[in-house]
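Here the structure is laid out as structure tokens; the discussion comes afterwards.
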Amino acid sequence: MSQEKTIESINKKYQDLGENPDTYLNGLLQAKPINYWDYIQVETLLSIQRPRTDFKDGRKFSFCIIK
């Protein structure tokens, strides 16, 4: 898809939603690209680990699914 077609598609999408497409396009100029590792915040995940055993082989992740 060409850039022109892409921009046309973006314009249509946001106009159909009742939004100003220029707001979103200008936002892209300000946005910092983010990679997967920044997105999932690995350092935060590691910092909130709680040891579940007394083994000295490092911390383990413990997940609980609540329904």
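Going through the structure tokens in order, the chains are called A, B, and so on, while each chain numbers its residues from 1 and the ligands are numbered from 1 in the order shown.
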
Determine, counting only C-alpha atoms, which protein, DNA and RNA residues have an atom within 12 Å of an atom of A:Ile10; residues of the same chain fewer than 4 positions away are not included. Present the result as a PyMOL selection string. chain A and resi 3-6+14-17+19-25

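For the pair atom CA of A:Ser9 and atom CA of A:Gln30, the separation is 20.8 Å.
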
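Atom CA of A:Leu28 is found 26.0 Å from atom CA of A:Glu43.
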
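Our summary of the geometry notes that atom CA of A:Ala31 is positioned 26.2 Å from atom CA of A:Leu46.
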